[in-house]
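Shown here: model.cif, mmCIF, C-alpha atoms.
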data_target
#
loop_
_atom_site.label_atom_id
_atom_site.label_comp_id
_atom_site.auth_asym_id
_atom_site.auth_seq_id
_atom_site.Cartn_x
_atom_site.Cartn_y
_atom_site.Cartn_z
CA MET A 1 111.55 181.80 129.97
CA LYS A 2 108.81 183.48 128.01
CA LYS A 3 105.66 184.99 129.39
CA THR A 4 102.60 184.21 127.30
CA ASN A 5 99.36 186.11 127.77
CA SER A 6 96.03 185.41 126.15
CA TYR A 7 93.66 188.25 125.30
CA ILE A 8 90.09 188.32 124.05
CA VAL A 9 89.06 191.23 121.83
CA GLY A 10 85.70 191.28 120.07
CA GLY A 11 85.13 187.68 121.09
CA HIS A 12 88.39 186.51 119.45
CA ARG A 13 91.33 185.10 121.42
CA PHE A 14 94.98 185.76 120.58
CA TYR A 15 98.26 184.98 122.33
CA LEU A 16 101.33 187.14 122.86
CA SER A 17 104.70 185.65 123.90
CA ILE A 18 107.58 187.88 125.01
CA PRO A 19 110.61 187.11 127.22
CA GLU A 20 109.54 187.53 130.83
CA GLN A 21 112.18 190.17 131.57
CA SER A 22 111.34 192.38 128.58
CA GLY A 23 110.40 195.99 129.19
CA PHE A 24 107.58 195.59 126.68
CA TRP A 25 105.39 194.21 129.47
CA CYS A 26 105.56 197.58 131.27
CA THR A 27 103.80 199.30 128.36
CA PHE A 28 100.72 197.12 128.16
CA ASP A 29 98.15 198.99 130.24
CA ASN A 30 95.80 199.30 127.25
CA TYR A 31 95.61 195.49 126.98
CA LYS A 32 94.87 194.79 130.67
CA PRO A 33 91.05 195.05 130.33
CA PHE A 34 91.23 192.33 127.65
CA LEU A 35 93.60 189.97 129.49
CA GLU A 36 92.30 186.43 129.85
CA SER A 37 95.29 184.62 131.37
CA GLU A 38 99.04 184.77 132.03
CA THR A 39 101.46 181.86 131.81
CA CYS A 40 105.24 181.42 131.77
CA VAL A 41 106.05 178.78 129.19
CA ASP A 42 108.39 178.67 126.21
CA SER A 43 105.77 177.19 123.89
CA LEU A 44 102.05 176.53 123.70
CA SER A 45 100.52 173.19 122.81
CA SER A 46 98.83 172.76 119.44
CA GLU A 47 95.60 172.03 121.27
CA VAL A 48 95.71 175.42 123.02
CA LEU A 49 96.68 177.23 119.83
CA SER A 50 93.80 175.70 117.89
CA ASP A 51 91.41 178.00 119.75
CA CYS A 52 92.94 181.35 118.76
CA VAL A 53 93.00 183.65 115.75
CA PHE A 54 96.77 184.11 115.96
CA CYS A 55 99.80 183.83 118.24
CA LEU A 56 102.59 186.41 118.11
CA ASP A 57 106.04 185.47 119.36
CA VAL A 58 108.37 188.46 119.92
CA ASP A 59 112.12 188.13 119.47
CA ILE A 60 113.68 191.09 121.33
CA GLU A 61 117.25 190.41 120.12
CA SER A 62 117.17 189.66 116.39
CA GLU A 63 116.37 192.34 113.80
CA GLY A 64 115.07 189.84 111.23
CA ARG A 65 117.06 191.42 108.42
CA GLY A 66 117.63 188.05 106.77
CA PHE A 67 113.94 187.85 105.97
CA VAL A 68 114.02 191.35 104.48
CA GLN A 69 117.04 190.63 102.29
CA ASP A 70 115.47 187.45 100.92
CA SER A 71 112.06 189.03 100.26
CA LYS A 72 110.53 190.95 97.38
CA LEU A 73 109.10 194.38 98.07
CA LEU A 74 105.45 194.56 97.00
CA ALA A 75 104.25 197.91 98.34
CA GLU A 76 104.78 200.61 100.93
CA PHE A 77 102.14 202.57 102.82
CA ASP A 78 102.78 205.88 104.56
CA ASP A 79 99.69 207.30 106.26
CA ASP A 80 98.92 209.19 109.45
CA THR A 81 99.30 206.09 111.62
CA ALA A 82 102.43 204.17 110.52
CA PHE A 83 104.90 203.44 107.74
CA ILE A 84 104.56 199.85 106.55
CA SER A 85 106.54 197.95 103.90
CA VAL A 86 104.89 194.82 102.51
CA LEU A 87 107.15 192.05 101.20
CA LYS A 88 106.85 188.47 99.98
CA GLY A 89 109.34 186.02 101.47
CA SER A 90 111.34 183.49 99.47
CA ASN A 91 109.21 180.68 100.89
CA GLY A 92 105.93 182.49 100.50
CA GLU A 93 105.93 184.19 103.89
CA LYS A 94 104.20 187.52 104.30
CA VAL A 95 106.75 189.99 105.64
CA PHE A 96 106.03 193.48 106.98
CA ILE A 97 108.39 196.19 108.19
CA ILE A 98 106.57 198.41 110.69
CA SER A 99 107.87 201.80 111.84
CA LEU A 100 106.60 205.21 112.86
CA ASN A 101 107.66 206.86 109.59
CA ARG A 102 109.87 206.33 106.54
CA GLU A 103 112.90 207.89 108.23
CA MET A 104 112.73 205.26 111.01
CA LYS A 105 112.34 202.27 108.69
CA ASP A 106 115.77 200.85 109.61
CA LEU A 107 114.66 200.90 113.25
CA GLY A 108 111.39 199.15 112.48
CA GLY A 109 110.17 195.75 113.55
CA VAL A 110 110.01 192.88 111.05
CA LEU A 111 106.75 190.92 111.24
CA VAL A 112 106.77 187.51 109.56
CA ILE A 113 103.61 185.51 108.88
CA GLY A 114 104.21 181.97 107.70
CA ASN A 115 101.78 179.36 106.43
CA ASP A 116 100.67 178.64 110.00
CA TYR A 117 98.97 181.84 111.13
CA ARG A 118 99.12 180.65 114.73
CA CYS A 119 102.90 181.11 114.70
CA CYS A 120 103.60 184.70 113.66
CA LYS A 121 106.88 186.29 114.71
CA LEU A 122 107.97 189.87 115.34
CA TYR A 123 111.71 190.54 115.19
CA ALA A 124 112.07 193.60 117.41
CA GLY A 125 115.83 193.79 117.95
CA ALA A 126 116.12 197.12 116.13
CA CYS A 127 113.31 198.76 118.09
CA ASN A 128 113.41 196.89 121.40
CA GLY A 129 112.41 199.14 124.28
CA GLY A 130 111.26 202.74 124.27
CA ARG A 131 108.19 204.31 122.73
CA HIS A 132 109.05 203.28 119.17
CA GLY A 133 109.22 199.63 120.20
CA GLN A 134 105.85 199.98 121.93
CA PHE A 135 104.46 201.61 118.77
CA VAL A 136 105.74 198.77 116.55
CA LEU A 137 104.40 196.00 118.78
CA ASN A 138 101.02 197.70 119.15
CA ASN A 139 100.68 198.10 115.38
CA ALA A 140 101.81 194.51 114.75
CA LEU A 141 99.07 193.20 117.04
CA MET A 142 96.48 195.49 115.49
CA MET A 143 97.49 194.40 111.97
CA LEU A 144 97.38 190.70 112.83
CA TYR A 145 93.99 191.09 114.46
CA ALA A 146 92.58 192.86 111.38
CA LEU A 147 94.04 190.28 108.99
CA PHE A 148 93.00 187.13 110.79
CA THR A 149 89.50 188.18 111.78
CA ALA A 150 88.63 189.38 108.26
CA THR A 151 87.28 185.92 107.44
CA ARG A 152 85.38 185.67 110.75
CA ASN A 153 82.59 188.21 110.16
CA THR A 154 84.67 190.86 111.93
CA LEU A 155 85.95 194.32 111.02
CA LEU A 156 88.56 196.41 112.78
CA ILE A 157 87.62 199.88 111.62
CA HIS A 158 89.13 203.35 111.89
CA ALA A 159 86.32 205.16 113.65
CA SER A 160 85.02 206.69 116.88
CA VAL A 161 82.10 205.18 118.78
CA ALA A 162 79.58 206.71 121.16
CA VAL A 163 77.01 204.61 123.01
CA ALA A 164 73.58 206.12 123.67
CA ASN A 165 70.42 204.40 124.94
CA GLY A 166 72.19 201.05 124.81
CA LYS A 167 73.32 201.21 121.16
CA GLY A 168 76.68 202.00 119.60
CA TYR A 169 76.97 204.68 116.92
CA VAL A 170 80.07 204.56 114.73
CA PHE A 171 81.49 207.76 113.20
CA LEU A 172 83.71 207.41 110.13
CA GLY A 173 85.59 209.88 107.99
CA LYS A 174 88.94 210.85 106.57
CA SER A 175 91.59 211.99 109.01
CA GLY A 176 90.78 215.50 110.20
CA THR A 177 87.06 215.40 109.38
CA GLY A 178 86.06 215.54 113.04
CA LYS A 179 85.23 211.99 114.19
CA SER A 180 86.45 212.62 117.73
CA THR A 181 84.95 216.10 117.76
CA HIS A 182 81.51 214.84 116.79
CA THR A 183 81.73 212.04 119.35
CA ARG A 184 82.50 214.62 122.05
CA LEU A 185 79.46 216.61 120.93
CA TRP A 186 77.35 213.51 121.60
CA LEU A 187 78.97 213.01 125.00
CA ASN A 188 78.29 216.65 125.91
CA ASN A 189 74.77 216.95 124.51
CA ILE A 190 73.10 213.53 124.29
CA LYS A 191 71.92 212.42 127.71
CA GLY A 192 73.70 209.31 129.00
CA ALA A 193 76.08 209.02 126.02
CA TRP A 194 79.53 207.54 126.69
CA LEU A 195 82.66 206.76 124.71
CA LEU A 196 83.33 203.13 123.75
CA ASN A 197 86.43 203.68 121.59
CA ASP A 198 87.96 206.66 119.79
CA ASP A 199 90.03 205.14 117.00
CA ASN A 200 89.79 201.39 116.26
CA PRO A 201 86.61 199.67 117.45
CA VAL A 202 85.61 196.16 116.35
CA VAL A 203 82.37 195.48 114.49
CA LYS A 204 81.23 191.87 114.39
CA ILE A 205 78.30 189.93 112.95
CA GLU A 206 77.45 187.41 115.64
CA SER A 207 76.38 183.82 115.01
CA ASN A 208 72.73 184.79 115.55
CA GLY A 209 72.97 187.51 112.87
CA SER A 210 73.03 190.49 115.23
CA VAL A 211 75.70 193.16 114.67
CA MET A 212 77.71 194.32 117.67
CA VAL A 213 80.40 196.95 118.18
CA TYR A 214 83.18 196.26 120.69
CA GLY A 215 85.84 198.30 122.40
CA SER A 216 89.47 197.38 121.74
CA PRO A 217 93.00 197.98 123.08
CA TRP A 218 93.57 200.40 120.20
CA SER A 219 92.09 203.84 120.75
CA GLY A 220 94.55 206.30 119.22
CA LYS A 221 95.39 209.38 121.26
CA THR A 222 92.40 208.94 123.56
CA PRO A 223 93.05 206.43 126.38
CA CYS A 224 89.73 204.60 126.17
CA TYR A 225 90.22 200.83 126.42
CA ARG A 226 86.82 199.44 127.38
CA ASN A 227 86.20 195.72 127.23
CA GLU A 228 82.51 196.31 126.53
CA LYS A 229 80.12 195.94 123.62
CA ALA A 230 76.80 197.27 122.37
CA PRO A 231 74.41 196.49 119.51
CA LEU A 232 75.40 198.58 116.50
CA GLY A 233 72.76 201.27 116.03
CA ALA A 234 74.09 203.01 112.91
CA VAL A 235 77.21 203.96 110.97
CA ILE A 236 77.62 207.64 110.14
CA ARG A 237 80.21 208.97 107.68
CA LEU A 238 81.12 212.58 108.42
CA SER A 239 82.20 215.44 106.22
CA GLN A 240 82.70 219.08 107.12
CA ALA A 241 80.21 221.57 105.68
CA PRO A 242 78.82 225.08 106.32
CA HIS A 243 75.49 223.48 107.28
CA ASN A 244 74.01 220.45 109.04
CA SER A 245 72.25 217.82 106.94
CA ILE A 246 71.99 214.04 107.01
CA ARG A 247 70.79 211.37 104.59
CA ARG A 248 70.63 207.60 104.58
CA LEU A 249 72.84 205.73 102.11
CA THR A 250 71.95 202.49 100.36
CA GLY A 251 73.58 200.01 98.00
CA VAL A 252 76.89 201.02 96.48
CA GLN A 253 76.93 204.35 98.32
CA ALA A 254 76.61 202.62 101.69
CA TYR A 255 79.34 200.13 100.77
CA ALA A 256 81.64 202.92 99.59
CA ALA A 257 81.05 204.87 102.81
CA LEU A 258 82.04 201.96 105.07
CA SER A 259 84.70 200.10 103.08
CA PRO A 260 87.58 202.65 103.21
CA SER A 261 87.58 202.62 107.01
CA ALA A 262 87.90 198.82 107.32
CA SER A 263 91.38 197.48 108.05
CA SER A 264 92.34 194.42 106.01
CA MET A 265 94.82 193.05 103.49
CA LYS A 266 92.54 193.87 100.58
CA TRP A 267 94.97 192.54 97.96
CA ASP A 268 94.71 189.02 99.45
CA ARG A 269 91.75 187.33 97.80
CA VAL A 270 90.65 185.20 100.75
CA MET A 271 90.76 188.11 103.17
CA ALA A 272 89.22 190.48 100.65
CA ASP A 273 86.31 188.07 100.13
CA GLY A 274 85.85 187.83 103.88
CA LEU A 275 85.87 191.62 104.18
CA HIS A 276 83.32 191.94 101.37
CA ASN A 277 80.96 189.45 102.99
CA THR A 278 81.16 191.20 106.34
CA LEU A 279 80.63 194.64 104.83
CA SER A 280 77.62 193.35 102.89
CA GLY A 281 76.13 191.79 106.00
CA ILE A 282 76.51 194.97 108.03
CA ILE A 283 74.94 197.12 105.31
CA GLN A 284 71.95 194.81 105.10
CA SER A 285 71.41 194.93 108.86
CA VAL A 286 72.31 198.47 109.96
CA GLY A 287 71.58 201.97 108.69
CA ILE A 288 74.48 203.76 106.98
CA PHE A 289 74.27 207.58 106.90
CA HIS A 290 76.19 210.58 105.57
CA LEU A 291 76.28 213.61 107.85
CA GLU A 292 77.44 216.96 106.48
CA CYS A 293 77.97 219.13 109.51
CA LEU A 294 79.36 221.97 111.51
CA PRO A 295 81.15 221.19 114.79
CA ASP A 296 78.20 222.26 116.91
CA ALA A 297 75.55 220.82 119.21
CA ASP A 298 72.85 221.10 116.54
CA ALA A 299 74.78 218.59 114.41
CA ALA A 300 74.75 216.11 117.29
CA TYR A 301 71.04 216.60 117.94
CA LEU A 302 70.17 216.24 114.23
CA CYS A 303 72.29 213.11 113.89
CA TYR A 304 70.95 211.44 117.04
CA GLU A 305 67.29 212.15 116.27
CA THR A 306 67.74 210.75 112.74
CA VAL A 307 69.65 207.55 113.48
CA LYS A 308 68.31 206.47 116.90
#
Reformat the file's structure so that it appears as structure tokens.
Amino acid sequence: MKKTNSYIVGGHRFYLSIPEQSGFWCTFDNYKPFLESETCVDSLSSEVLSDCVFCLDVDIESEGRGFVQDSKLLAEFDDDTAFISVLKGSNGEKVFIISLNREMKDLGGVLVIGNDYRCCKLYAGACNGGRHGQFVLNNALMMLYALFTATRNTLLIHASVAVANGKGYVFLGKSGTGKSTHTRLWLNNIKGAWLLNDDNPVVKIESNGSVMVYGSPWSGKTPCYRNEKAPLGAVIRLSQAPHNSIRRLTGVQAYAALSPSASSMKWDRVMADGLHNTLSGIIQSVGIFHLECLPDADAAYLCYETVK
């Protein structure tokens, strides 16, 4: 029997099905704030599935190597978060191998996305159990969420978010530029500020045109999994400097500041178009800034007084 949970993140529902006895369920504390329901069924009805962005079924026994052997390698990405191989299946499936690094590729999970996005499958036989299996499953869910919300006015972005005076402020930047450090400066120096998410928040243009930022189950090394949201006050791209200065960006500069931090399958035209439309809508509605700064309280004060 499989256990199937539904979760709601950023207003979007997704389902996760794993055998009831699997140890994976013991590693899901970060998803508990987003849990909507739990059921024990081997399959979900098409009517239920019609109201979700995706459903992931996890096979804890098979390694899925048949899909890999029959697929064509398109690209490989090795960054500070995961090693991912992107392949095209013989029947047009999108196939991904997800692992912690290149050396662990043979122990990675194989994620297969067919024509029906509601029936995605993760073959986790090679990584079942342990921290690497947890890493693979977490990244598979994060990837699916980013891909299938890209056309729904939603961005999963690599950023840190502080909430102050009821608004969320998103800090972007290359790895090592001090996103988490600057957020902590806000928490320590801006009265009433609190942390919404420290790695992968969700930004969404709502049906009424307002732009909101949501917490998510994915918060990097900081265990901050808040199922909360706030109106997006501003987006600030950070860079280290021997001084503190801030300026507002417009047009192409604003787009270029926000785009690199958005997670999506940018080589897929439909998803890329969805990403572009969402980025454009956010830029038209919210201030985008560039902060050159030192890691000090003055930087936090300058930033807050400028963008609030």
Segment 139-257 of chain A near segment 12-34 of chain A within 7 Å: what's each residue's closest atom pair and its distance in Å to one decimal, counting all atoms listed in the file, ordered by chain then ascending residue number, as JSON lines?
{"residue": "A:Pro217", "atom": "CA", "partner": "A:Asn30", "partner_atom": "CA", "distance": 5.2}
{"residue": "A:Tyr225", "atom": "CA", "partner": "A:Asn30", "partner_atom": "CA", "distance": 5.8}
{"residue": "A:Arg226", "atom": "CA", "partner": "A:Pro33", "partner_atom": "CA", "distance": 6.8}
{"residue": "A:Asn227", "atom": "CA", "partner": "A:Pro33", "partner_atom": "CA", "distance": 5.8}
Store the residues picked out above, limited to C-alpha atoms, as a PDB file, in the coordinates of the input.
ATOM      1  CA  PRO A 217      93.000 197.980 123.080  1.00  0.00           C
ATOM      2  CA  TYR A 225      90.220 200.830 126.420  1.00  0.00           C
ATOM      3  CA  ARG A 226      86.820 199.440 127.380  1.00  0.00           C
ATOM      4  CA  ASN A 227      86.200 195.720 127.230  1.00  0.00           C
TER       5      ASN A 227
END
Given all atoms listed in the file as the counted atoms, nearest of A:Gly251, A:Gly133, A:Gly114, A:Gly209 to Phe54 of chain A:
A:Gly114
Which one is closest to Pro242 of chain A: A:Ser219, A:Val286, A:Ala299, A:Leu156? Count only C-alpha atoms.
A:Ala299
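The space between atom CA of Lys308 of chain A and atom CA of Gly233 of chain A spans 6.9 Å.
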Evaluate the PyMOL selection byres ((chain A and resi 90-99) around 9) on the structure here and hand back the selected residues as an MDAnalysis selection string.
chainID A and resid 67:68 70:72 82:89 100:115 127 132:133 135:137 139:140
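Those residues that approach Gln240 of chain A to within 8 Å, counting only C-alpha atoms, are Thr177, Gly178, Glu292, Cys293 and Leu294 of chain A; same-chain residues fewer than 3 positions away are not listed.
Using only C-alpha atoms for every distance, the candidate list A:Met271, A:Leu144, A:Val203, A:Leu232 yields A:Leu232 as the residue closest to Gly168 of chain A.
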Closest of A:Trp218, A:Phe77, A:Phe171, A:Trp194 to Ala146 of chain A, counting only C-alpha atoms, is A:Trp218
So that I can check the surroundings of Cys55 of chain A, please list as a ChimeraX atom specification every protein, DNA and RNA residue that reaches within 10 Å of it, counting all atoms listed in the file and ignoring chain neighbours fewer than 3 positions away.
/A:4-6,13-17,44,49,52,58,116-121,141,144
When the PyMOL selection byres ((chain A and resi 252) around 12) is applied to the file above, which residues end up in the set, as a PyMOL selection string?
chain A and resi 249-251+253-259+279-280+283-284+288
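Once the PyMOL selection byres ((chain A and resi 246) around 9) is applied to the shown structure, the selection contains Asn244, Ser245, Arg247, Arg248, Phe289, His290, Leu291, Glu292, Cys293, Leu302, Cys303 and Thr306 of chain A.
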Store the residues of this selection in a file with C-alpha atoms, as a PDB file, keeping the file's coordinate frame.
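Saved the output as result.pdb:
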ATOM      1  CA  ASN A 244      74.010 220.450 109.040  1.00  0.00           C
ATOM      2  CA  SER A 245      72.250 217.820 106.940  1.00  0.00           C
ATOM      3  CA  ARG A 247      70.790 211.370 104.590  1.00  0.00           C
ATOM      4  CA  ARG A 248      70.630 207.600 104.580  1.00  0.00           C
ATOM      5  CA  PHE A 289      74.270 207.580 106.900  1.00  0.00           C
ATOM      6  CA  HIS A 290      76.190 210.580 105.570  1.00  0.00           C
ATOM      7  CA  LEU A 291      76.280 213.610 107.850  1.00  0.00           C
ATOM      8  CA  GLU A 292      77.440 216.960 106.480  1.00  0.00           C
ATOM      9  CA  CYS A 293      77.970 219.130 109.510  1.00  0.00           C
ATOM     10  CA  LEU A 302      70.170 216.240 114.230  1.00  0.00           C
ATOM     11  CA  CYS A 303      72.290 213.110 113.890  1.00  0.00           C
ATOM     12  CA  THR A 306      67.740 210.750 112.740  1.00  0.00           C
TER      13      THR A 306
END
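We find atom CA of Ser62 of chain A and atom CA of Phe148 of chain A to be spaced 24.9 Å apart.
You will find atom CA of Val235 of chain A at 10.8 Å from atom CA of Ala162 of chain A.
Proximity of A:Leu238, A:Ile205, A:Ala124, A:Leu155 to Glu63 of chain A, computed with only C-alpha atoms, is greatest for A:Ala124.
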Closest of A:Tyr145, A:Gly129, A:Tyr214, A:Asn138 to Val163 of chain A, counting only C-alpha atoms, is A:Tyr214
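The shell of residues at most 12 Å from Ser207 of chain A, with only C-alpha atoms counted and near chain neighbours (fewer than 5 positions) removed, consists of Gly11, Arg152, Asn153, Thr154 and Met212 of chain A.
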Got time to write the residues from that selection, C-alpha atoms, as a PDB file, in the frame of the given file?
ATOM      1  CA  GLY A  11      85.130 187.680 121.090  1.00  0.00           C
ATOM      2  CA  ARG A 152      85.380 185.670 110.750  1.00  0.00           C
ATOM      3  CA  ASN A 153      82.590 188.210 110.160  1.00  0.00           C
ATOM      4  CA  THR A 154      84.670 190.860 111.930  1.00  0.00           C
ATOM      5  CA  MET A 212      77.710 194.320 117.670  1.00  0.00           C
TER       6      MET A 212
END
Around the point (90.2, 200.0, 108.4) in the file's coordinates, collect all residues with an atom within 12 Å, using all atoms listed in the file, and return them as a PyMOL selection string.
chain A and resi 81+142-143+145-147+150+154-160+172-174+199-203+257-266+275+279
I need every residue sitting at most 9 Å from the point (114.4, 181.5, 124.6) (coordinates as in the file, all atoms listed in the file considered), written as a PyMOL selection string.
chain A and resi 1-2+19+42+59
Supply segment 52-79 of chain A as a PDB file, in the frame of the given file, with N, CA and C atoms built in where the input has gaps.
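Output saved as part.pdb:
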ATOM      1  N   CYS A  52      92.603 179.926 118.830  1.00  0.00           N
ATOM      2  CA  CYS A  52      92.940 181.350 118.760  1.00  0.00           C
ATOM      3  C   CYS A  52      92.965 181.809 117.305  1.00  0.00           C
ATOM      4  N   VAL A  53      92.916 183.118 117.108  1.00  0.00           N
ATOM      5  CA  VAL A  53      93.000 183.650 115.750  1.00  0.00           C
ATOM      6  C   VAL A  53      94.453 183.823 115.314  1.00  0.00           C
ATOM      7  N   PHE A  54      95.341 184.067 116.287  1.00  0.00           N
ATOM      8  CA  PHE A  54      96.770 184.110 115.960  1.00  0.00           C
ATOM      9  C   PHE A  54      97.565 184.061 117.263  1.00  0.00           C
ATOM     10  N   CYS A  55      98.849 183.748 117.129  1.00  0.00           N
ATOM     11  CA  CYS A  55      99.800 183.830 118.240  1.00  0.00           C
ATOM     12  C   CYS A  55     101.014 184.594 117.746  1.00  0.00           C
ATOM     13  N   LEU A  56     101.417 185.613 118.489  1.00  0.00           N
ATOM     14  CA  LEU A  56     102.590 186.410 118.110  1.00  0.00           C
ATOM     15  C   LEU A  56     103.711 186.153 119.099  1.00  0.00           C
ATOM     16  N   ASP A  57     104.838 185.683 118.574  1.00  0.00           N
ATOM     17  CA  ASP A  57     106.040 185.470 119.360  1.00  0.00           C
ATOM     18  C   ASP A  57     107.006 186.622 119.060  1.00  0.00           C
ATOM     19  N   VAL A  58     107.496 187.292 120.094  1.00  0.00           N
ATOM     20  CA  VAL A  58     108.370 188.460 119.920  1.00  0.00           C
ATOM     21  C   VAL A  58     109.804 188.092 120.254  1.00  0.00           C
ATOM     22  N   ASP A  59     110.682 188.302 119.294  1.00  0.00           N
ATOM     23  CA  ASP A  59     112.120 188.130 119.470  1.00  0.00           C
ATOM     24  C   ASP A  59     112.712 189.506 119.740  1.00  0.00           C
ATOM     25  N   ILE A  60     113.209 189.743 120.955  1.00  0.00           N
ATOM     26  CA  ILE A  60     113.680 191.090 121.330  1.00  0.00           C
ATOM     27  C   ILE A  60     115.151 191.297 121.005  1.00  0.00           C
ATOM     28  N   GLU A  61     115.820 190.290 120.416  1.00  0.00           N
ATOM     29  CA  GLU A  61     117.250 190.410 120.120  1.00  0.00           C
ATOM     30  C   GLU A  61     117.533 190.510 118.628  1.00  0.00           C
ATOM     31  N   SER A  62     116.900 189.676 117.825  1.00  0.00           N
ATOM     32  CA  SER A  62     117.170 189.660 116.390  1.00  0.00           C
ATOM     33  C   SER A  62     116.399 190.773 115.670  1.00  0.00           C
ATOM     34  N   GLU A  63     117.005 191.303 114.613  1.00  0.00           N
ATOM     35  CA  GLU A  63     116.370 192.340 113.800  1.00  0.00           C
ATOM     36  C   GLU A  63     115.615 191.764 112.610  1.00  0.00           C
ATOM     37  N   GLY A  64     115.792 190.478 112.325  1.00  0.00           N
ATOM     38  CA  GLY A  64     115.070 189.840 111.230  1.00  0.00           C
ATOM     39  C   GLY A  64     115.477 190.312 109.851  1.00  0.00           C
ATOM     40  N   ARG A  65     116.662 190.859 109.720  1.00  0.00           N
ATOM     41  CA  ARG A  65     117.060 191.420 108.420  1.00  0.00           C
ATOM     42  C   ARG A  65     117.248 190.350 107.356  1.00  0.00           C
ATOM     43  N   GLY A  66     117.505 189.117 107.763  1.00  0.00           N
ATOM     44  CA  GLY A  66     117.630 188.050 106.770  1.00  0.00           C
ATOM     45  C   GLY A  66     116.347 187.848 105.994  1.00  0.00           C
ATOM     46  N   PHE A  67     115.219 187.971 106.667  1.00  0.00           N
ATOM     47  CA  PHE A  67     113.940 187.850 105.970  1.00  0.00           C
ATOM     48  C   PHE A  67     113.747 188.998 104.984  1.00  0.00           C
ATOM     49  N   VAL A  68     114.175 190.186 105.359  1.00  0.00           N
ATOM     50  CA  VAL A  68     114.020 191.350 104.480  1.00  0.00           C
ATOM     51  C   VAL A  68     114.873 191.199 103.237  1.00  0.00           C
ATOM     52  N   GLN A  69     116.120 190.770 103.419  1.00  0.00           N
ATOM     53  CA  GLN A  69     117.040 190.630 102.290  1.00  0.00           C
ATOM     54  C   GLN A  69     116.579 189.584 101.285  1.00  0.00           C
ATOM     55  N   ASP A  70     115.908 188.546 101.787  1.00  0.00           N
ATOM     56  CA  ASP A  70     115.470 187.450 100.920  1.00  0.00           C
ATOM     57  C   ASP A  70     114.047 187.641 100.394  1.00  0.00           C
ATOM     58  N   SER A  71     113.458 188.799 100.643  1.00  0.00           N
ATOM     59  CA  SER A  71     112.060 189.030 100.260  1.00  0.00           C
ATOM     60  C   SER A  71     111.954 190.046  99.137  1.00  0.00           C
ATOM     61  N   LYS A  72     110.806 190.013  98.473  1.00  0.00           N
ATOM     62  CA  LYS A  72     110.530 190.950  97.380  1.00  0.00           C
ATOM     63  C   LYS A  72     109.567 192.026  97.860  1.00  0.00           C
ATOM     64  N   LEU A  73     109.956 193.276  97.656  1.00  0.00           N
ATOM     65  CA  LEU A  73     109.100 194.380  98.070  1.00  0.00           C
ATOM     66  C   LEU A  73     107.881 194.476  97.154  1.00  0.00           C
ATOM     67  N   LEU A  74     106.690 194.474  97.768  1.00  0.00           N
ATOM     68  CA  LEU A  74     105.450 194.560  97.000  1.00  0.00           C
ATOM     69  C   LEU A  74     104.841 195.959  97.039  1.00  0.00           C
ATOM     70  N   ALA A  75     104.877 196.591  98.204  1.00  0.00           N
ATOM     71  CA  ALA A  75     104.250 197.910  98.340  1.00  0.00           C
ATOM     72  C   ALA A  75     104.701 198.555  99.633  1.00  0.00           C
ATOM     73  N   GLU A  76     104.514 199.878  99.701  1.00  0.00           N
ATOM     74  CA  GLU A  76     104.780 200.610 100.930  1.00  0.00           C
ATOM     75  C   GLU A  76     103.638 201.588 101.172  1.00  0.00           C
ATOM     76  N   PHE A  77     103.243 201.702 102.441  1.00  0.00           N
ATOM     77  CA  PHE A  77     102.140 202.570 102.820  1.00  0.00           C
ATOM     78  C   PHE A  77     102.628 203.567 103.865  1.00  0.00           C
ATOM     79  N   ASP A  78     102.367 204.823 103.634  1.00  0.00           N
ATOM     80  CA  ASP A  78     102.780 205.880 104.560  1.00  0.00           C
ATOM     81  C   ASP A  78     101.566 206.755 104.820  1.00  0.00           C
ATOM     82  N   ASP A  79     100.871 206.507 105.946  1.00  0.00           N
ATOM     83  CA  ASP A  79      99.690 207.300 106.260  1.00  0.00           C
ATOM     84  C   ASP A  79      99.889 207.995 107.598  1.00  0.00           C
TER      85      ASP A  79
END
